[in-house]
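One file, protein.cif, is given below (mmCIF, C-alpha atoms and all ligand atoms).
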data_structure
#
loop_
_atom_site.label_atom_id
_atom_site.label_comp_id
_atom_site.auth_asym_id
_atom_site.auth_seq_id
_atom_site.Cartn_x
_atom_site.Cartn_y
_atom_site.Cartn_z
CA MET O 879 0.00 0.00 0.00
CA THR O 880 1.30 3.38 -0.92
CA ASP O 881 2.50 5.53 1.98
CA PRO O 882 1.59 9.23 1.65
CA ILE O 883 4.20 10.29 4.24
CA ARG O 884 7.16 8.72 2.41
CA ASN O 885 5.85 9.92 -0.95
CA ALA O 886 5.57 13.48 0.36
CA THR O 887 9.01 13.18 1.99
CA LEU O 888 10.57 12.16 -1.30
CA ALA O 889 8.86 15.01 -3.16
CA LEU O 890 10.08 17.42 -0.45
CA LEU O 891 13.64 16.09 -0.78
CA CYS O 892 13.50 16.81 -4.52
CA ASP O 893 12.19 20.32 -3.77
CA VAL O 894 15.41 20.86 -1.81
CA THR O 895 18.03 19.15 -3.99
CA ASP O 896 16.49 19.83 -7.40
CA ALA O 897 14.40 22.99 -7.07
CA ARG O 898 16.74 24.43 -4.40
CA ARG O 899 13.97 25.39 -2.01
CA MET O 900 14.41 25.36 1.77
CA ILE O 901 12.19 22.86 3.62
CA SER O 902 10.57 25.74 5.51
CA GLU O 903 9.59 27.30 2.19
CA ALA O 904 8.44 24.16 0.35
CA ALA O 905 6.84 22.18 3.20
CA PRO O 906 3.60 24.15 3.72
CA GLU O 907 2.51 23.47 0.14
CA ARG O 908 4.11 20.06 -0.32
CA LEU O 909 2.77 18.58 2.94
CA ALA O 910 -0.61 20.35 2.91
CA SER O 911 -2.58 17.14 2.35
CA LEU O 912 -1.09 15.39 5.42
CA ARG O 913 -2.39 15.57 8.99
CA PRO O 914 -0.23 17.48 11.53
CA GLU O 915 1.50 14.29 12.80
CA GLY O 916 2.16 13.22 9.20
CA ARG O 917 3.61 16.63 8.37
CA ALA O 918 5.92 16.46 11.39
CA ALA O 919 6.98 12.91 10.45
CA ALA O 920 7.73 13.88 6.83
CA GLN O 921 9.79 16.89 7.93
CA ARG O 922 11.74 14.71 10.39
CA LEU O 923 12.43 12.12 7.68
CA ALA O 924 13.47 14.75 5.12
CA THR O 925 15.73 16.58 7.58
CA GLY O 926 17.37 13.36 8.76
CA THR O 927 17.88 12.12 5.21
CA LEU O 928 19.60 15.39 4.23
CA ARG O 929 21.73 15.35 7.40
CA TRP O 930 23.10 11.93 6.34
CA ALA O 931 23.05 12.45 2.55
CA ASP O 932 26.82 12.68 2.23
CA ARG O 933 27.34 9.32 3.98
CA ALA O 934 24.54 7.78 1.91
CA ASP O 935 26.19 9.01 -1.30
CA ARG O 936 29.51 7.45 -0.29
CA VAL O 937 27.83 4.11 0.43
CA LEU O 938 25.87 4.28 -2.83
CA GLY O 939 28.90 5.23 -4.96
CA PRO O 940 30.08 1.67 -5.83
CA PHE O 941 26.51 0.63 -6.78
CA LEU O 942 25.79 3.42 -9.26
CA ARG O 943 27.46 3.69 -12.63
CA ARG O 944 26.26 7.27 -13.08
CA ARG O 945 24.33 9.76 -11.01
CA PRO O 946 20.65 8.77 -11.24
CA SER O 947 17.72 11.21 -11.34
CA GLU O 948 17.11 13.26 -8.19
CA ALA O 949 13.97 11.25 -7.37
CA THR O 950 15.92 7.97 -7.57
CA LEU O 951 18.92 9.25 -5.64
CA ASN O 952 16.74 10.76 -2.92
CA ALA O 953 14.69 7.55 -2.64
CA LEU O 954 17.96 5.65 -2.10
CA ARG O 955 19.13 8.20 0.49
CA LEU O 956 15.76 8.00 2.25
CA GLY O 957 15.89 4.19 2.31
CA LEU O 958 19.43 4.16 3.77
CA PHE O 959 18.52 6.78 6.38
CA GLU O 960 15.50 4.78 7.48
CA ILE O 961 17.42 1.51 7.66
CA PHE O 962 20.65 2.68 9.30
CA VAL O 963 19.68 5.75 11.33
CA ALA O 964 15.93 5.79 11.99
CA GLY O 965 15.77 2.08 12.79
CA THR O 966 12.89 1.25 10.42
CA ALA O 967 12.59 -2.47 9.65
CA PRO O 968 14.68 -2.98 6.46
CA HIS O 969 11.90 -4.61 4.40
CA ALA O 970 9.51 -1.74 5.24
CA ALA O 971 12.15 0.88 4.45
CA VAL O 972 13.00 -0.74 1.11
CA ASP O 973 9.34 -1.19 0.11
CA GLY O 974 8.61 2.40 1.14
CA ALA O 975 11.55 3.84 -0.83
CA VAL O 976 10.65 1.75 -3.90
CA ASP O 977 7.03 2.85 -3.77
CA ALA O 978 7.95 6.51 -3.22
CA ALA O 979 10.34 6.34 -6.20
CA ARG O 980 7.53 4.93 -8.36
CA THR O 981 5.08 7.66 -7.28
CA THR O 982 7.61 10.45 -7.69
CA GLY O 983 8.94 9.61 -11.15
CA GLY O 984 12.11 7.77 -10.05
CA GLN O 985 13.36 4.29 -11.00
CA PRO O 986 11.78 1.85 -8.52
CA SER O 987 13.63 -1.21 -9.87
CA LEU O 988 17.01 0.47 -9.41
CA VAL O 989 16.11 1.58 -5.88
CA ASN O 990 14.98 -1.95 -5.05
CA ALA O 991 18.09 -3.62 -6.46
CA VAL O 992 20.61 -1.23 -4.89
CA LEU O 993 19.06 -1.22 -1.42
CA ARG O 994 18.77 -5.02 -1.38
CA ASN O 995 22.39 -5.40 -2.55
CA ILE O 996 23.59 -3.09 0.22
CA LEU O 997 21.58 -5.03 2.80
CA ARG O 998 23.23 -8.27 1.67
CA LEU O 999 26.76 -7.00 2.33
CA ASP O 1000 28.65 -8.26 5.35
CA PRO O 1001 29.89 -6.18 7.06
CA GLU O 1002 27.35 -3.54 6.14
CA PRO O 1003 29.13 -0.50 4.67
CA TRP O 1004 27.15 2.26 6.42
CA SER O 1005 28.83 2.26 9.83
CA ALA O 1006 32.34 2.33 8.38
CA ALA O 1007 31.65 5.38 6.15
CA PRO O 1008 32.93 8.73 7.44
CA VAL O 1009 30.85 11.39 9.21
CA PRO O 1010 28.96 13.48 6.61
CA ARG O 1011 31.17 16.24 5.27
CA LEU O 1012 30.16 19.74 4.28
CA PRO O 1013 30.10 20.34 0.52
CA LYS O 1014 33.29 21.76 -1.00
CA TRP O 1015 31.87 25.23 -1.68
CA LEU O 1016 31.40 25.73 2.07
CA ARG O 1017 34.12 23.49 3.50
CA LYS O 1018 36.89 25.33 1.70
CA PRO O 1019 36.28 28.83 3.13
CA LEU O 1020 35.54 27.38 6.57
CA VAL O 1021 38.81 25.43 6.64
CA ALA O 1022 40.61 28.61 5.56
CA ALA O 1023 38.96 30.55 8.40
CA TRP O 1024 38.90 28.05 11.29
CA GLY O 1025 41.24 25.18 10.33
CA LYS O 1026 40.62 21.53 9.44
CA GLN O 1027 40.27 20.30 13.00
CA ALA O 1028 37.59 22.85 13.91
CA VAL O 1029 35.63 22.11 10.74
CA ALA O 1030 35.78 18.36 11.43
CA ALA O 1031 34.46 19.08 14.95
CA MET O 1032 31.65 21.16 13.43
CA GLU O 1033 30.78 18.30 11.07
CA ASP O 1034 30.52 15.92 14.05
CA VAL O 1035 28.02 18.33 15.62
CA PHE O 1036 26.08 18.74 12.35
CA ALA O 1037 25.67 14.96 12.08
CA ALA O 1038 23.71 14.73 15.31
CA GLU O 1039 20.11 15.77 15.77
CA PRO O 1040 20.26 19.15 17.51
CA PRO O 1041 18.71 19.74 20.91
CA LEU O 1042 15.87 22.23 21.39
CA ASP O 1043 16.78 25.42 23.26
CA LEU O 1044 14.34 27.68 25.02
CA THR O 1045 14.66 31.27 26.23
CA VAL O 1046 12.70 31.57 29.45
CA ARG O 1047 11.12 34.83 30.66
CA ALA O 1048 11.63 34.15 34.37
CA ASP O 1049 12.86 31.32 36.59
CA ALA O 1050 14.97 29.41 34.08
CA PRO O 1051 16.13 26.85 36.74
CA GLY O 1052 12.48 26.16 37.65
CA TRP O 1053 11.50 25.65 34.02
CA ALA O 1054 14.56 23.47 33.38
CA ALA O 1055 13.45 21.20 36.24
CA ARG O 1056 9.80 21.22 35.17
CA LEU O 1057 10.57 20.35 31.54
CA GLY O 1058 13.35 17.87 32.39
CA GLY O 1059 15.92 20.03 30.58
CA GLU O 1060 19.46 21.25 31.20
CA LEU O 1061 20.05 24.82 32.37
CA LEU O 1062 22.91 26.12 30.22
CA PRO O 1063 25.47 28.55 31.69
CA THR O 1064 24.06 31.33 29.47
CA GLY O 1065 20.57 30.84 30.95
CA SER O 1066 18.89 28.98 28.07
CA VAL O 1067 17.11 25.71 28.82
CA ARG O 1068 18.14 22.79 26.63
CA LEU O 1069 15.75 19.89 25.90
CA ARG O 1070 16.29 16.65 23.99
CA ALA O 1071 13.87 14.41 22.14
CA VAL O 1072 10.91 16.78 22.17
CA GLY O 1073 7.73 15.77 20.38
CA GLN O 1074 5.21 18.53 19.77
CA VAL O 1075 6.66 21.81 21.11
CA SER O 1076 3.30 23.54 21.39
CA ALA O 1077 2.07 20.80 23.74
CA LEU O 1078 4.81 21.45 26.33
CA PRO O 1079 3.89 23.18 29.60
CA GLY O 1080 4.46 26.94 29.42
CA PHE O 1081 4.13 27.26 25.63
CA ALA O 1082 0.53 28.44 25.49
CA GLU O 1083 1.04 31.13 28.13
CA GLY O 1084 4.33 32.32 26.60
CA ALA O 1085 6.56 31.47 29.57
CA TRP O 1086 9.33 30.66 27.06
CA TRP O 1087 10.04 30.61 23.35
CA VAL O 1088 12.22 28.45 21.12
CA GLN O 1089 15.59 30.08 20.44
CA ASP O 1090 19.03 28.55 20.00
CA ALA O 1091 21.38 29.30 22.93
CA ALA O 1092 23.70 31.25 20.61
CA ALA O 1093 20.83 33.26 19.10
CA ALA O 1094 19.84 34.36 22.61
CA ILE O 1095 23.15 36.16 23.21
CA PRO O 1096 22.98 39.21 20.84
CA ALA O 1097 19.88 40.75 22.46
CA ARG O 1098 21.53 40.38 25.89
CA LEU O 1099 24.40 42.56 24.65
CA VAL O 1100 22.02 45.43 23.77
CA GLY O 1101 21.63 46.29 27.46
CA ALA O 1102 17.92 47.03 26.90
CA GLY O 1103 15.81 48.17 29.84
CA PRO O 1104 12.90 50.39 30.87
CA GLY O 1105 13.04 53.93 29.45
CA MET O 1106 15.17 52.90 26.46
CA ARG O 1107 13.99 53.30 22.89
CA VAL O 1108 15.31 50.30 20.94
CA LEU O 1109 15.06 49.41 17.25
CA ASP O 1110 15.12 45.73 16.27
CA MET O 1111 16.00 46.38 12.66
CA CYS O 1112 15.55 42.96 11.00
CA ALA O 1113 13.19 41.57 13.58
CA ALA O 1114 11.05 38.72 12.25
CA PRO O 1115 10.06 36.11 13.37
CA GLY O 1116 10.97 37.86 16.59
CA GLY O 1117 12.97 35.78 19.07
CA LYS O 1118 15.17 38.77 19.81
CA THR O 1119 12.23 41.23 19.84
CA LEU O 1120 10.67 39.09 22.59
CA GLN O 1121 13.88 39.35 24.64
CA LEU O 1122 14.19 43.13 24.19
CA THR O 1123 10.52 43.67 25.01
CA ALA O 1124 10.64 41.35 28.02
CA ALA O 1125 13.59 43.44 29.31
CA GLY O 1126 11.18 46.39 29.52
CA ALA O 1127 12.42 48.51 26.60
CA ASP O 1128 10.19 50.48 24.24
CA VAL O 1129 10.82 48.38 21.12
CA THR O 1130 10.19 49.07 17.45
CA ALA O 1131 10.33 45.77 15.54
CA LEU O 1132 10.97 46.38 11.84
CA ASP O 1133 11.10 43.81 9.05
CA GLN O 1134 10.41 43.93 5.36
CA SER O 1135 8.65 40.57 5.18
CA GLU O 1136 4.90 40.73 5.66
CA ALA O 1137 4.64 36.96 6.24
CA ARG O 1138 7.47 36.78 8.77
CA THR O 1139 6.13 39.86 10.55
CA GLY O 1140 2.83 38.01 10.95
CA ARG O 1141 4.70 35.31 12.89
CA LEU O 1142 6.35 38.00 14.99
CA ARG O 1143 2.92 39.42 15.90
CA GLU O 1144 1.70 35.93 16.87
CA ASN O 1145 4.76 35.40 19.06
CA LEU O 1146 4.28 38.73 20.84
CA ALA O 1147 0.58 37.97 21.41
CA ARG O 1148 1.31 34.49 22.80
CA CYS O 1149 3.83 35.92 25.25
CA GLY O 1150 1.62 38.88 26.22
CA LEU O 1151 4.35 41.33 25.17
CA GLU O 1152 4.00 44.55 23.21
CA ALA O 1153 6.19 46.20 20.58
CA ARG O 1154 5.55 48.61 17.73
CA VAL O 1155 5.65 46.32 14.69
CA VAL O 1156 6.51 47.94 11.35
CA VAL O 1157 6.62 46.24 7.94
CA GLY O 1158 9.15 48.17 5.90
CA ASP O 1159 12.61 48.48 4.42
CA ALA O 1160 15.28 49.19 7.02
CA LEU O 1161 17.30 51.04 4.40
CA THR O 1162 14.69 53.81 4.22
CA HIS O 1163 13.32 53.66 7.77
CA GLU O 1164 13.19 57.07 9.49
CA ASP O 1165 11.86 57.54 13.03
CA ALA O 1166 15.29 58.27 14.63
CA PRO O 1167 16.85 58.53 17.14
CA PHE O 1168 17.16 55.29 19.09
CA ASP O 1169 19.13 54.64 22.28
CA ALA O 1170 20.19 51.26 20.92
CA ILE O 1171 19.74 49.19 17.77
CA LEU O 1172 19.94 45.46 17.19
CA LEU O 1173 20.79 44.56 13.60
CA ASP O 1174 20.37 40.81 13.07
CA ALA O 1175 21.27 41.09 9.42
CA PRO O 1176 20.14 38.78 6.60
CA CYS O 1177 23.06 36.44 5.79
CA THR O 1178 23.99 33.01 4.42
CA ALA O 1179 22.79 31.42 7.70
CA THR O 1180 25.70 28.96 7.45
CA GLY O 1181 25.82 28.87 11.27
CA THR O 1182 22.44 27.12 11.40
CA ILE O 1183 23.22 24.01 9.34
CA ARG O 1184 22.76 21.60 12.27
CA ARG O 1185 19.09 22.72 12.36
CA HIS O 1186 18.82 23.19 8.59
CA PRO O 1187 20.73 20.43 6.75
CA ASP O 1188 18.84 21.51 3.61
CA LEU O 1189 20.88 24.73 3.52
CA PRO O 1190 24.11 23.37 1.92
CA HIS O 1191 22.01 21.91 -0.93
CA VAL O 1192 19.96 25.05 -1.50
CA LYS O 1193 22.70 27.66 -1.21
CA ALA O 1194 25.38 25.87 -3.24
CA GLY O 1195 27.23 28.37 -5.38
CA GLN O 1196 25.35 31.30 -3.88
CA ASP O 1197 26.95 34.65 -4.53
CA LEU O 1198 28.35 36.15 -1.33
CA ASP O 1199 28.71 39.68 -2.70
CA ALA O 1200 24.99 40.55 -2.48
CA PRO O 1201 24.45 39.72 1.24
CA VAL O 1202 27.78 41.32 2.18
CA ALA O 1203 26.87 44.54 0.34
CA LEU O 1204 23.40 44.63 1.94
CA GLN O 1205 24.85 44.07 5.42
CA ALA O 1206 27.22 47.04 4.93
CA ARG O 1207 24.34 49.28 3.82
CA LEU O 1208 22.25 48.18 6.81
CA ILE O 1209 25.12 48.95 9.22
CA ASP O 1210 25.51 52.43 7.73
CA ARG O 1211 21.77 53.05 7.95
CA ALA O 1212 21.64 51.86 11.58
CA LEU O 1213 24.47 54.20 12.56
CA GLY O 1214 22.43 57.08 11.12
CA LEU O 1215 19.44 56.19 13.32
CA LEU O 1216 21.38 55.97 16.61
CA LYS O 1217 21.62 58.66 19.30
CA PRO O 1218 25.20 59.91 19.76
CA GLY O 1219 26.96 57.41 21.99
CA GLY O 1220 24.20 54.82 21.43
CA ARG O 1221 24.98 51.14 20.95
CA LEU O 1222 24.56 49.13 17.76
CA VAL O 1223 24.67 45.37 18.19
CA TYR O 1224 25.37 43.74 14.83
CA CYS O 1225 25.01 40.00 14.42
CA VAL O 1226 24.83 37.32 11.74
CA CYS O 1227 24.19 33.57 12.06
CA SER O 1228 27.03 33.00 9.61
CA LEU O 1229 30.32 31.14 9.88
CA LEU O 1230 31.91 33.15 7.08
CA PRO O 1231 34.23 35.96 8.23
CA ALA O 1232 33.17 38.04 5.19
CA GLU O 1233 29.80 38.53 6.90
CA GLY O 1234 31.22 38.92 10.41
CA GLU O 1235 34.78 39.89 11.33
CA GLU O 1236 35.57 41.37 7.89
CA GLN O 1237 32.25 43.22 7.74
CA ILE O 1238 33.05 44.96 11.03
CA ALA O 1239 36.64 45.77 9.98
CA ALA O 1240 35.22 47.42 6.85
CA ALA O 1241 32.65 49.40 8.88
CA LEU O 1242 35.42 50.67 11.20
CA ALA O 1243 37.40 51.79 8.15
CA ARG O 1244 34.36 53.59 6.65
CA HIS O 1245 33.39 55.42 9.85
CA PRO O 1246 36.03 57.39 11.75
CA GLY O 1247 34.87 57.64 15.38
CA LEU O 1248 33.26 54.19 15.33
CA SER O 1249 34.61 51.65 17.79
CA ALA O 1250 33.93 47.97 18.29
CA GLY O 1251 34.40 46.51 21.74
CA LEU O 1252 32.46 44.22 24.00
CA PRO O 1253 30.72 45.73 27.05
CA GLU O 1254 32.73 45.54 30.30
CA THR O 1255 30.23 43.17 31.84
CA LEU O 1256 29.34 40.31 29.58
CA PRO O 1257 26.17 38.23 29.99
CA ASP O 1258 26.57 35.11 32.16
CA GLY O 1259 28.09 32.01 30.67
CA ILE O 1260 30.13 33.55 27.84
CA GLU O 1261 33.29 31.44 27.54
CA PRO O 1262 36.62 33.33 27.31
CA ASP O 1263 37.56 31.66 24.01
CA TRP O 1264 34.40 32.95 22.32
CA ARG O 1265 35.91 36.45 22.35
CA ALA O 1266 37.28 37.68 19.05
CA GLU O 1267 39.15 40.87 18.22
CA THR O 1268 36.02 42.89 17.44
CA GLY O 1269 33.23 40.88 19.08
CA LEU O 1270 32.11 37.36 19.89
CA ARG O 1271 32.63 34.43 17.54
CA LEU O 1272 30.31 31.54 18.34
CA ARG O 1273 30.86 28.26 16.51
CA PRO O 1274 28.82 25.03 16.28
CA ASP O 1275 31.71 23.09 17.84
CA HIS O 1276 31.54 25.24 20.98
CA TRP O 1277 29.95 23.19 23.76
CA ALA O 1278 30.18 20.21 21.38
CA GLY O 1279 29.75 17.78 24.29
CA ARG O 1280 26.45 19.44 25.13
CA GLY O 1281 25.17 19.30 21.53
CA GLY O 1282 26.83 22.45 20.17
CA ILE O 1283 25.40 25.89 19.47
CA ASP O 1284 24.55 27.77 16.29
CA GLY O 1285 27.34 29.75 14.62
CA PHE O 1286 27.11 33.51 15.13
CA PHE O 1287 29.27 36.59 14.95
CA ILE O 1288 28.24 39.44 17.26
CA ALA O 1289 29.80 42.90 17.56
CA THR O 1290 28.83 45.89 19.67
CA LEU O 1291 29.56 49.19 17.94
CA THR O 1292 29.56 52.69 19.37
CA MET O 1293 29.98 55.98 17.56
CA ARG O 1294 31.87 58.67 19.48
CA GLY O 1295 29.49 61.52 20.45
CA ASP O 1296 31.30 64.17 18.36
CA ALA O 1297 31.84 61.96 15.31
CA GLY O 1298 29.53 62.14 12.35
C1 LIG O 1301 18.27 36.78 10.40
S1 LIG O 1301 16.64 37.16 10.03
C2 LIG O 1301 16.09 37.96 11.50
C3 LIG O 1301 15.76 37.02 12.63
C4 LIG O 1301 15.15 37.74 13.83
N1 LIG O 1301 15.98 38.82 14.30
C5 LIG O 1301 14.87 36.82 14.99
O1 LIG O 1301 15.61 36.78 15.96
O2 LIG O 1301 13.85 36.12 14.93
C6 LIG O 1301 16.82 38.51 8.94
C7 LIG O 1301 15.55 39.26 8.64
O3 LIG O 1301 15.91 40.42 7.87
C8 LIG O 1301 14.80 40.78 7.10
N2 LIG O 1301 15.27 41.77 6.09
C9 LIG O 1301 16.09 41.55 5.04
N3 LIG O 1301 16.34 42.70 4.39
C10 LIG O 1301 15.65 43.68 5.05
C11 LIG O 1301 15.49 45.07 4.87
N4 LIG O 1301 16.09 45.71 3.86
N5 LIG O 1301 14.71 45.74 5.72
C12 LIG O 1301 14.07 45.10 6.73
N6 LIG O 1301 14.19 43.77 6.96
C13 LIG O 1301 14.96 43.07 6.13
C14 LIG O 1301 14.29 39.46 6.57
O4 LIG O 1301 12.93 39.54 6.20
C15 LIG O 1301 14.51 38.54 7.79
O5 LIG O 1301 13.31 38.41 8.53
#
As structure tokens, the full file:
Amino acid sequence: MTDPIRNATLALLCDVTDARRMISEAAPERLASLRPEGRAAAQRLATGTLRWADRADRVLGPFLRRRPSEATLNALRLGLFEIFVAGTAPHAAVDGAVDAARTTGGQPSLVNAVLRNILRLDPEPWSAAPVPRLPKWLRKPLVAAWGKQAVAAMEDVFAAEPPLDLTVRADAPGWAARLGGELLPTGSVRLRAVGQVSALPGFAEGAWWVQDAAAAIPARLVGAGPGMRVLDMCAAPGGKTLQLTAAGADVTALDQSEARTGRLRENLARCGLEARVVVGDALTHEDAPFDAILLDAPCTATGTIRRHPDLPHVKAGQDLDAPVALQARLIDRALGLLKPGGRLVYCVCSLLPAEGEEQIAAALARHPGLSAGLPETLPDGIEPDWRAETGLRLRPDHWAGRGGIDGFFIATLTMRGDAG
């Protein structure tokens, strides 16, 4: 009998590897006919399959004379993931992959033959294959920036299913105990093996929100508090807006995406928090001056691969010049909206220095009177080796034993009062 979840998973995998669409973008349409549990299952299968695609391709190599169609290759990857990682009974995984290949325009007989041949091998080749590696287009600049050993440690972290981190409004130790999670030194609560997030205690009343431990750090560096006028310049879907608002600041949350801003409004409403939400282009936003600005700039998001293993497939060969140029324009615009002496916190969830360290060096060169330096008192839990010359460099292999963190670069910038 045909399985709608596997069929939809295979179609979603082809959306990623063939049509170069992120799962978050393609899933709403692709999985629309499934029930909520089915949608969650298909997303889990697709994400896991992509996380292990590099190992699957190495195992498949000797069995394929040439690269098959995307539907066939993805059906094979899905079958191997189910058999060797997800623990599905081999006959069910093979039948499911064969059937999905048939429904999705692949070659079912090839999928059947290859998977059965692999299952016959003794010892099975999966376990001996190396940890999935990043694709060359990304590995090369990362090795140049952080070295081979660090990149290998990142790849180990990317191979594992990431934990779920929460930012808690009050009483993080209490919520960690209640949810059976770990209280991280930076104050986030880390959970493992979570089913439906919205069913957890505290979700409905907005006692916490989902936010990676690294992503929770930039807003803490803003120093927001009551009486301060703060601009969250690229705000949606709003994890950082929630932090700034919860700290008591008068927050303007600006983002150009109507759809993402809708999610930001929902998040504020769930948490009972208020901010002025504006849909608009930060490059033309007026309404100055602000005491502080948080600029969480659009970027390659290469720091979030452990949560988004679809990203290396979708962004392959992406031009870096456009995001880097936009980030520079956004920094310049933000500086123009700040009160003299006000603080700009710039951050990107990128592992590429061009979007982080080099972006800040270029801003310092463009603006005499601008300085980059971390505040004297840093938020709790920041490790000494996360400090970089002009800010904080957070990498996925930091806290590797605890499940890692997202990659981020964060700088705090201040313009001297008399400088223009
Ligand atoms: C990294 S995401 C922000 C994530 C958000 N700060 C959070 O914590 O949930 C970058 C955001 O920048 C927005 N963006 C990109 N270019 C923009 C522009 N010119 N003006 C305003 N927003 C922009 C995108 O729509 C996207 O929501």
Discussion item. Just checking: using all atoms listed in the file, which residue out of O:Leu1142, O:Leu988, O:Val894, O:Leu1061 ends up closest to O:Leu954?
Written reply: O:Leu988
Any chance you could work out the axis-aligned box around ligand LIG 1301 (chain O), listed atoms only, 6 Å on each side, giving centre and edge lengths in Å to one decimal, as lines of an AutoDock Vina configuration file?
center_x = 15.6
center_y = 40.9
center_z = 9.9
size_x = 17.3
size_y = 21.6
size_z = 24.1
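Among the candidates O:Glu948, O:Asp932, O:Asp1174, O:Asp1275, the residue lying nearest to ligand LIG 1301 (chain O) is O:Asp1174 (atoms considered: all atoms listed in the file).
Near O:Ala1091, within 8 Å and counting only C-alpha atoms, sit Asp1043, Leu1044, Thr1045, Thr1064, Ser1066, Ile1095, Ile1283 and Asp1284 of chain O, not including residues fewer than 4 positions from it in the same chain.
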Worksheet item: Hey, which residues come within 8 Å of ligand LIG 1301 (chain O) if we count only C-alpha atoms and all ligand atoms? Could you give them as a VMD selection string?
Response: chain O and resid 1093 1110 to 1119 1132 to 1135 1138 to 1139 1142 1157 to 1161 1173 to 1177 1179 1204 1208 1226 to 1227
Discussion item. What's the separation between atom CA of O:Leu938 and atom CA of O:Trp1004, in Å to one decimal place?
Written reply: 9.6 Å
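Counting from atom CA of O:Val1108, the distance to atom CA of O:Ala1170 is 5.0 Å.
Using all atoms listed in the file, the shortest contact distance between O:Arg1185 and any of O:Gly1259, O:Pro1040, O:Gly1269, O:Pro914 is found at O:Pro1040.
In this structure, atom CA of O:Pro1104 sits 4.7 Å away from atom CA of O:Ala1127.
The smallest atom-to-atom distance between O:Ser1005 and any of O:Leu951, O:Val937, O:Leu1230, O:Ala918, using all atoms listed in the file, is found for O:Val937.
Considering the residues O:Val1192, O:Leu1216, O:Ile1209, O:Leu912 and counting only C-alpha atoms, O:Pro1013 has its shortest atom-to-atom contact with O:Val1192.
Within 10 Å of O:Ala1071, once all atoms listed in the file are used and residues closer than 6 positions along the same chain are dropped, the contacting residues are O:Glu1039, O:Pro1040, O:Pro1041, O:Leu1042.
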Response to the item:
From the list O:Gly1220, O:Gly1058, O:Pro946, O:Gly974, the nearest residue to O:Ala886 using only C-alpha atoms is O:Gly974
Worksheet item: Near stretch 1015-1026 of chain O, within 9 Å and counting all atoms listed in the file, which residues show up once chain neighbours fewer than 5 positions away are dropped, as a ChimeraX atom specification?
Response: /O:1031,1180,1190,1194-1195,1229-1231
Worksheet item: Within 9 Å of O:Gly926, counting all atoms listed in the file, which residues qualify if same-chain residues fewer than 6 places away don't, as a PyMOL selection string?
Response: chain O and resi 956+959-960+963-964+1039+1187
Discussion item. At a cut-off of 12 Å, using all atoms listed in the file, what residues contact O:Gly1295? Leave out same-chain residues fewer than 4 positions from it and give the result as a ChimeraX atom specification.
Written reply: /O:1213,1216-1221,1246-1249
Worksheet entry | Within 10 Å of file point (2.9, 5.2, 3.8), counting only C-alpha atoms, expressed as an MDAnalysis selection string | chainID O and resid 879:886 916 970 973:975 977:978
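Surrounding residues of (8.9, 26.6, 8.6) at most 12 Å away are Arg899, Met900, Ile901, Ser902, Glu903, Ala904, Ala905, Pro906, Glu907, Leu909, Arg917, Ala918, Gln921, Pro1115, Ala1137, Arg1138, Arg1141, Arg1185 and His1186 of chain O (based on only C-alpha atoms).
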Using N, CA and C atoms, give me stretch 937-946 of chain O from the structure I just pasted, as a PDB file, in the first residue's frame.
ATOM      1  N   VAL O 937      28.182   5.530   0.422  1.00  0.00           N
ATOM      2  CA  VAL O 937      27.826   4.107   0.434  1.00  0.00           C
ATOM      3  C   VAL O 937      27.275   3.700  -0.926  1.00  0.00           C
ATOM      4  N   LEU O 938      26.509   4.607  -1.548  1.00  0.00           N
ATOM      5  CA  LEU O 938      25.870   4.285  -2.831  1.00  0.00           C
ATOM      6  C   LEU O 938      26.863   4.274  -4.000  1.00  0.00           C
ATOM      7  N   GLY O 939      27.947   5.046  -3.853  1.00  0.00           N
ATOM      8  CA  GLY O 939      28.895   5.226  -4.963  1.00  0.00           C
ATOM      9  C   GLY O 939      29.202   3.961  -5.743  1.00  0.00           C
ATOM     10  N   PRO O 940      29.687   2.877  -5.083  1.00  0.00           N
ATOM     11  CA  PRO O 940      30.083   1.669  -5.827  1.00  0.00           C
ATOM     12  C   PRO O 940      28.916   0.978  -6.535  1.00  0.00           C
ATOM     13  N   PHE O 941      27.672   1.316  -6.188  1.00  0.00           N
ATOM     14  CA  PHE O 941      26.512   0.631  -6.781  1.00  0.00           C
ATOM     15  C   PHE O 941      25.897   1.398  -7.953  1.00  0.00           C
ATOM     16  N   LEU O 942      26.405   2.599  -8.206  1.00  0.00           N
ATOM     17  CA  LEU O 942      25.789   3.422  -9.256  1.00  0.00           C
ATOM     18  C   LEU O 942      26.828   3.744 -10.320  1.00  0.00           C
ATOM     19  N   ARG O 943      26.494   3.416 -11.564  1.00  0.00           N
ATOM     20  CA  ARG O 943      27.463   3.691 -12.626  1.00  0.00           C
ATOM     21  C   ARG O 943      27.487   5.174 -12.960  1.00  0.00           C
ATOM     22  N   ARG O 944      26.333   5.814 -12.882  1.00  0.00           N
ATOM     23  CA  ARG O 944      26.261   7.271 -13.083  1.00  0.00           C
ATOM     24  C   ARG O 944      25.242   7.826 -12.103  1.00  0.00           C
ATOM     25  N   ARG O 945      25.263   9.150 -11.957  1.00  0.00           N
ATOM     26  CA  ARG O 945      24.331   9.757 -11.008  1.00  0.00           C
ATOM     27  C   ARG O 945      22.900   9.597 -11.543  1.00  0.00           C
ATOM     28  N   PRO O 946      22.013   8.957 -10.745  1.00  0.00           N
ATOM     29  CA  PRO O 946      20.647   8.769 -11.236  1.00  0.00           C
ATOM     30  C   PRO O 946      19.841  10.067 -11.115  1.00  0.00           C
TER      31      PRO O 946
END
